[in-house]
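These notes are about the structure you will find just below.
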Amino acid sequence: MLIDASEEEALDCLVSVMRYFKVPSQELAARLILKLMDLDEVSAADLAEKLEASYPLVLRIIGELERIGIIETGKIKSKGRGRPRKLVKLNKKRLAETLGICEERARYLKKKLLESEEEPRQS
């Protein structure tokens, strides 16, 4: 999968957020979020196929992302017999809020680092 530099930076940022929330397989979780940004709603099975990842792992990540509110799930009845398909949708508002909080924390930390560099060192 080839991605451009800005997508790579977005992926890195999302991996950091996933690490903060202790989501399993952070890079895959970040790729899942990027994929959902391009799609309105998709079945978990189709998402696993698009990500070239195992269905159980994708379901586990979906569960964690749903727990923190970044994605929402629903079910659609299968045609014929069988279990209903699990549909996955990005909660864009919650993701934006989460990224905003991370950005605020990063600004605070950067400010503290710069302040500590300006303070005279004591011998």
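Order determines the names: the first chain of the structure tokens is A, the second B, and so forth; residues in each chain are numbered 1 upward, and ligands are numbered 1 upward as they are shown.
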
Taking only residues of segment 39-63 of chain A that have an atom at most 9 Å from an atom of segment 18-27 of chain A, what is each one's shortest atom pair and its distance in Å to one decimal, using only C-alpha atoms, in chain and number order, as JSON lines?
{"residue": "A:Leu57", "atom": "CA", "partner": "A:Ser25", "partner_atom": "CA", "distance": 8.4}
{"residue": "A:Arg60", "atom": "CA", "partner": "A:Pro24", "partner_atom": "CA", "distance": 7.9}
{"residue": "A:Ile61", "atom": "CA", "partner": "A:Pro24", "partner_atom": "CA", "distance": 6.4}

Output as JSON, numbers by chain all residues of chain A that backbone DSSP marks as helix (DSSP H, G or I).
{"A": [5, 6, 7, 8, 9, 10, 11, 12, 13, 14, 15, 16, 17, 18, 19, 20, 26, 27, 28, 29, 30, 31, 32, 33, 34, 35, 36, 37, 38, 44, 45, 46, 47, 48, 49, 50, 51, 55, 56, 57, 58, 59, 60, 61, 62, 63, 64, 65, 66, 67, 92, 93, 94, 95, 96, 97, 98, 99, 100, 101, 102, 103, 104, 105, 106, 107, 108, 109, 110, 111, 112, 113, 114, 115, 116, 117, 118]}

What are the closest atom pairs, with distances in Å to one decimal, for all residues of segment 10-59 of chain A lying within 8 Å of segment 68-88 of chain A? Consider only C-alpha atoms, order rows by chain and residue number, and present the result as JSON lines.
{"residue": "A:Phe21", "atom": "CA", "partner": "A:Ile68", "partner_atom": "CA", "distance": 7.9}
{"residue": "A:Glu41", "atom": "CA", "partner": "A:Val88", "partner_atom": "CA", "distance": 5.7}
{"residue": "A:Val42", "atom": "CA", "partner": "A:Val88", "partner_atom": "CA", "distance": 5.4}
{"residue": "A:Ser43", "atom": "CA", "partner": "A:Leu87", "partner_atom": "CA", "distance": 4.2}
{"residue": "A:Ala44", "atom": "CA", "partner": "A:Lys86", "partner_atom": "CA", "distance": 5.7}
{"residue": "A:Ala45", "atom": "CA", "partner": "A:Lys86", "partner_atom": "CA", "distance": 7.8}

Based on DSSP run over this structure's backbone, return all residues of segment 81-114 of chain A in strand (DSSP E), as a PyMOL selection string.
chain A and resi 85-90

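The space between atom CA of Tyr108 of chain A and atom CA of Glu7 of chain A spans 25.0 Å.
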
Taking 3 positions as the minimum chain separation for residues in the same chain, which residues sit within 9 Å of Leu59 of chain A when counting only C-alpha atoms? Answer as a compact mmCIF listing (two decimals) with C-alpha atoms, in the first residue's frame.
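Below is the file that was written, around19.txt:
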# COMPACT_ATOMS: atom_id res chain seq x y z
CA ALA A 44 -16.56 -5.23 9.26
CA ALA A 45 -15.87 -8.12 6.88
CA ALA A 48 -10.97 -6.51 7.04
CA SER A 54 -7.81 -10.96 9.78
CA TYR A 55 -11.49 -10.54 10.56
CA PRO A 56 -11.09 -11.40 14.29
CA ILE A 62 -13.50 -2.14 16.17
CA GLY A 63 -14.57 -3.04 19.71
CA GLU A 64 -11.83 -0.89 21.23

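The gap separating atom CA of Ala30 of chain A from atom CA of Leu65 of chain A is 10.2 Å, in Å to one decimal.
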